[in-house]
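**Student:** There's a structure below that I have some questions on.
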Amino acid sequence: MRIAFYTLGCKVNQYETQALETLFTQRGHTLVPFEGEADVYVINSCTVTAVSDKKSRQTVRQARKRARSAVVALCGCYPQTHRSDIKDLPVDLVAGTGDRLGFVELVERAYEERQEKITALDDAMKRRAFEALPAGGLEGRTRAMLKVEDGCVNFCSYCIIPYARGPVRSLPLRDAATQAVKLAAEGYKELVLTGIEISSWGRDLRDGTSLIDLIEAVCSAAGCRVRLGSLEPRTITDEFCRRAAQLENLCPHFHLSMQSGCDATLRRMNRKYDTARFMESVELLRKHFQAPAITTDMIAGFPGETEEEFAQSLDFIQRCAFAAMHIFPYSRRPGTPAAAMPGHVPKAVKEERARRAAEIAARMERRYLEQWDKVEVLFEEERDGLWRGHTTRYCEVRVRSQENLHNQLRQISVTSVGEGFLEGELLNLGNG
């Protein structure tokens, strides 16, 4: 079969698509571009916002229009949480966020039998085992994702993902280390530990291990760069930082999930920390690491957010001095407590607040970038005559070069600072 994939959403979805691609190719099938002709179109969906739902539906219809006789398969978070919405979608197979090995077999069955729509959806809240999938990706990629955790039990008031993913399940430490060795041997120069909520890793194992134990094991096993996914601020303790700072190949890039810099808003969001605890995490990281890249997310215009509360958030992000931020207006997610809250902020106000926050974030990012004069870069791809890659702190770097720099670690002399990236020249010191 010729199989085409389209992935929406987070890095976990990207990881799972890569795993499915590997499983299908191992069974003799061929991957083709989603925009072209295929025998099977797989849409790995997202449901983090109502906009994500809409895009998932649109992509399904585009695939069906492209090839009337092809199998269209929808999987991921959207069908897992919105079973009634998919009844009228033109799909041949519907699955959720579990049993990816079974999904591969169902796709083959749908292609061979071409009969009634196949629906395979379980109750995510009853899951207890971590589903191990092939880690890494396809040839030509420089950075491999290693999924170490699934599920979430935080139940933030704006988020539906716990219902789509179920409770916390962890990849055992020994298995994670084994996969890290394998990926490094395959030539990947950076591993990204990813999951729905990796700060909860180990909670279900009940053996006393926590995320820092996993990080130490993976760093020791891999030898190459190791980068962390998004962290809950309470993960950052003095012990965590002290142990993490001893790991030479751990990237000093920490994405702390913030969402708001106002305590009243955080309480409405049902977040498990306040701004004082968040700032403690920031200060601990700066105490133990040299110029760490501390990045975050922020929601503008959460229900009930006043102009005064938003001003508190703007003040807080400036005190944190983030290296980069993802800022987006609040998007109403039906089925969550926040959707039914009073005081929804008008769209224009949400967008205007997001713009104001983004302007501050851009200034902070530029200040962070301006401190570097020489950096080591892992190069990934060439576009428009410029090779692009990232430092350990996830600063994007662009270099003009006739060399093939793909998957090379090179020292770079910084020549200028662009909008969100560094420009530089190769230092002829050989590969790192």
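Following the order of the structure tokens, first chain is A, next is B, and so on, with residues numbered from 1 inside each chain and ligands from 1 in the order they appear.
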Kindly provide the residues of stretch 154-182 of chain A that approach stretch 92-104 of chain A to within 10 Å, each paired with its closest atom pair and their distance in Å to one decimal, based on only C-alpha atoms, listed by chain and increasing number, as a Markdown table.

**Tutor:**
```
| residue | atom | partner | partner_atom | distance |
| --- | --- | --- | --- | --- |
| A:Ala164 | CA | A:Thr97 | CA | 7.1 |
| A:Arg165 | CA | A:Thr97 | CA | 6.6 |
| A:Gly166 | CA | A:Thr97 | CA | 9.4 |
```

**Student:** From stretch 91-171 of chain A, collect each residue whose DSSP state is alpha helix (DSSP H) and return the set as a VMD selection string.

**Tutor:** chain A and resid 100 to 113 161 to 165

**Student:** Write out, as a short mmCIF file (atom, residue, chain, number, x, y, z; two decimals), in the first residue's frame, the residues just selected, with all heavy atoms.

**Tutor:**
```
data_model
loop_
_atom_site.label_atom_id
_atom_site.label_comp_id
_atom_site.auth_asym_id
_atom_site.auth_seq_id
_atom_site.Cartn_x
_atom_site.Cartn_y
_atom_site.Cartn_z
N ARG A 100 -1.68 1.37 18.92
CA ARG A 100 -1.21 1.74 17.58
C ARG A 100 -0.82 0.52 16.76
O ARG A 100 -0.91 0.53 15.52
CB ARG A 100 -0.05 2.73 17.70
CG ARG A 100 -0.41 4.04 18.41
CD ARG A 100 -1.69 4.65 17.86
NE ARG A 100 -2.11 5.83 18.57
CZ ARG A 100 -2.06 7.06 18.10
NH1 ARG A 100 -1.60 7.28 16.89
NH2 ARG A 100 -2.48 8.07 18.81
N LEU A 101 -0.36 -0.53 17.42
CA LEU A 101 -0.04 -1.76 16.69
C LEU A 101 -1.32 -2.35 16.07
O LEU A 101 -1.33 -2.78 14.92
CB LEU A 101 0.62 -2.77 17.63
CG LEU A 101 1.96 -2.36 18.22
CD1 LEU A 101 2.40 -3.37 19.28
CD2 LEU A 101 3.02 -2.27 17.13
N GLY A 102 -2.39 -2.32 16.84
CA GLY A 102 -3.67 -2.80 16.32
C GLY A 102 -4.18 -1.92 15.20
O GLY A 102 -4.82 -2.40 14.26
N PHE A 103 -3.90 -0.62 15.27
CA PHE A 103 -4.33 0.31 14.23
C PHE A 103 -3.71 -0.05 12.89
O PHE A 103 -4.38 0.00 11.85
CB PHE A 103 -3.94 1.73 14.63
CG PHE A 103 -4.24 2.77 13.59
CD1 PHE A 103 -5.53 3.19 13.34
CD2 PHE A 103 -3.21 3.33 12.84
CE1 PHE A 103 -5.80 4.15 12.37
CE2 PHE A 103 -3.47 4.29 11.87
CZ PHE A 103 -4.77 4.70 11.64
N VAL A 104 -2.44 -0.43 12.89
CA VAL A 104 -1.78 -0.82 11.63
C VAL A 104 -2.52 -1.99 10.99
O VAL A 104 -2.78 -1.99 9.78
CB VAL A 104 -0.30 -1.18 11.91
CG1 VAL A 104 0.35 -1.76 10.66
CG2 VAL A 104 0.47 0.04 12.39
N GLU A 105 -2.87 -2.96 11.79
CA GLU A 105 -3.58 -4.13 11.25
C GLU A 105 -4.97 -3.75 10.76
O GLU A 105 -5.45 -4.29 9.74
CB GLU A 105 -3.67 -5.21 12.33
CG GLU A 105 -2.30 -5.76 12.73
CD GLU A 105 -2.37 -6.74 13.88
OE1 GLU A 105 -3.48 -6.91 14.44
OE2 GLU A 105 -1.34 -7.33 14.23
N LEU A 106 -5.64 -2.83 11.45
CA LEU A 106 -6.96 -2.40 11.02
C LEU A 106 -6.91 -1.65 9.70
O LEU A 106 -7.80 -1.78 8.85
CB LEU A 106 -7.60 -1.51 12.10
CG LEU A 106 -8.07 -2.22 13.37
CD1 LEU A 106 -8.56 -1.21 14.39
CD2 LEU A 106 -9.17 -3.23 13.05
N VAL A 107 -5.85 -0.85 9.48
CA VAL A 107 -5.68 -0.16 8.20
C VAL A 107 -5.54 -1.17 7.07
O VAL A 107 -6.16 -1.04 6.01
CB VAL A 107 -4.47 0.79 8.26
CG1 VAL A 107 -4.12 1.28 6.85
CG2 VAL A 107 -4.75 1.96 9.16
N GLU A 108 -4.73 -2.20 7.30
CA GLU A 108 -4.55 -3.24 6.28
C GLU A 108 -5.87 -3.95 6.00
O GLU A 108 -6.21 -4.24 4.84
CB GLU A 108 -3.50 -4.23 6.75
CG GLU A 108 -2.09 -3.64 6.80
CD GLU A 108 -1.07 -4.59 7.37
OE1 GLU A 108 -1.46 -5.46 8.18
OE2 GLU A 108 0.12 -4.48 7.03
N ARG A 109 -6.63 -4.21 7.05
CA ARG A 109 -7.93 -4.87 6.89
C ARG A 109 -8.90 -3.98 6.11
O ARG A 109 -9.61 -4.44 5.20
CB ARG A 109 -8.50 -5.19 8.27
CG ARG A 109 -9.89 -5.82 8.24
CD ARG A 109 -10.36 -6.11 9.65
NE ARG A 109 -11.79 -5.86 9.79
CZ ARG A 109 -12.41 -5.72 10.95
NH1 ARG A 109 -11.72 -5.79 12.07
NH2 ARG A 109 -13.70 -5.51 10.99
N ALA A 110 -8.93 -2.69 6.44
CA ALA A 110 -9.82 -1.77 5.74
C ALA A 110 -9.47 -1.69 4.26
O ALA A 110 -10.36 -1.59 3.40
CB ALA A 110 -9.74 -0.38 6.38
N TYR A 111 -8.19 -1.74 3.94
CA TYR A 111 -7.74 -1.67 2.55
C TYR A 111 -8.12 -2.94 1.79
O TYR A 111 -8.54 -2.88 0.62
CB TYR A 111 -6.24 -1.46 2.51
CG TYR A 111 -5.67 -1.44 1.11
CD1 TYR A 111 -5.88 -0.35 0.26
CD2 TYR A 111 -4.92 -2.52 0.63
CE1 TYR A 111 -5.36 -0.33 -1.02
CE2 TYR A 111 -4.39 -2.50 -0.65
CZ TYR A 111 -4.62 -1.42 -1.47
OH TYR A 111 -4.10 -1.40 -2.74
N GLU A 112 -8.01 -4.08 2.46
CA GLU A 112 -8.28 -5.36 1.79
C GLU A 112 -9.77 -5.64 1.64
O GLU A 112 -10.23 -6.16 0.62
CB GLU A 112 -7.61 -6.50 2.58
CG GLU A 112 -6.09 -6.46 2.53
CD GLU A 112 -5.46 -7.39 3.54
OE1 GLU A 112 -6.22 -8.09 4.26
OE2 GLU A 112 -4.21 -7.41 3.64
N GLU A 113 -10.56 -5.29 2.66
CA GLU A 113 -11.97 -5.68 2.66
C GLU A 113 -12.89 -4.63 2.06
O GLU A 113 -13.89 -4.97 1.44
CB GLU A 113 -12.40 -6.00 4.09
CG GLU A 113 -11.65 -7.20 4.68
CD GLU A 113 -12.10 -7.51 6.10
OE1 GLU A 113 -13.01 -6.82 6.60
OE2 GLU A 113 -11.53 -8.44 6.70
N ILE A 161 -7.32 17.12 27.26
CA ILE A 161 -6.37 16.05 26.94
C ILE A 161 -6.38 14.90 27.94
O ILE A 161 -6.22 13.73 27.53
CB ILE A 161 -4.94 16.63 26.78
CG1 ILE A 161 -4.92 17.61 25.59
CG2 ILE A 161 -3.92 15.53 26.57
CD1 ILE A 161 -5.41 17.03 24.28
N PRO A 162 -6.56 15.09 29.26
CA PRO A 162 -6.64 13.93 30.15
C PRO A 162 -7.70 12.93 29.73
O PRO A 162 -7.53 11.71 29.92
CB PRO A 162 -6.97 14.56 31.52
CG PRO A 162 -6.35 15.91 31.45
CD PRO A 162 -6.58 16.37 30.03
N TYR A 163 -8.81 13.40 29.16
CA TYR A 163 -9.87 12.50 28.72
C TYR A 163 -9.50 11.80 27.41
O TYR A 163 -10.01 10.72 27.11
CB TYR A 163 -11.16 13.29 28.54
CG TYR A 163 -11.59 14.01 29.79
CD1 TYR A 163 -11.30 15.37 29.95
CD2 TYR A 163 -12.25 13.35 30.82
CE1 TYR A 163 -11.68 16.04 31.11
CE2 TYR A 163 -12.63 14.02 31.98
CZ TYR A 163 -12.33 15.36 32.12
OH TYR A 163 -12.69 16.02 33.27
N ALA A 164 -8.60 12.41 26.65
CA ALA A 164 -8.16 11.81 25.39
C ALA A 164 -7.03 10.82 25.60
O ALA A 164 -6.87 9.88 24.81
CB ALA A 164 -7.69 12.89 24.42
N ARG A 165 -6.25 11.01 26.66
CA ARG A 165 -5.03 10.21 26.86
C ARG A 165 -5.08 9.28 28.06
O ARG A 165 -4.27 8.35 28.15
CB ARG A 165 -3.83 11.15 26.97
CG ARG A 165 -3.47 11.82 25.66
CD ARG A 165 -2.78 10.86 24.74
NE ARG A 165 -2.46 11.45 23.44
CZ ARG A 165 -1.68 10.85 22.53
NH1 ARG A 165 -1.15 9.68 22.80
NH2 ARG A 165 -1.45 11.43 21.38
#
```

**Student:** Would you please work out which residue, of A:Thr49, A:Gln246, A:Gln411, A:Thr306, is nearest to A:Cys262 when using only C-alpha atoms?

**Tutor:**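 The shortest atom-to-atom distance to A:Cys262 comes from A:Thr306.
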
**Student:** DSSP on the backbone, then: every residue of stretch 99-183 of chain A marked strand (DSSP E or B), written as a list in words.

**Tutor:**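 Matching residues for strand (DSSP E or B) in stretch 99-183 of chain A are Ile118, Thr119, Ala120, Arg143, Ala144, Met145, Leu146, Lys147, Val148, Glu149, Asp150, Arg169 and Ser170 of chain A.
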
**Student:** Excluding A:Cys10 and any residue of its chain fewer than 4 positions from it, enumerate the residues within 9 Å of it, using only C-alpha atoms, and give them as a count of residues only.

**Tutor:** 4
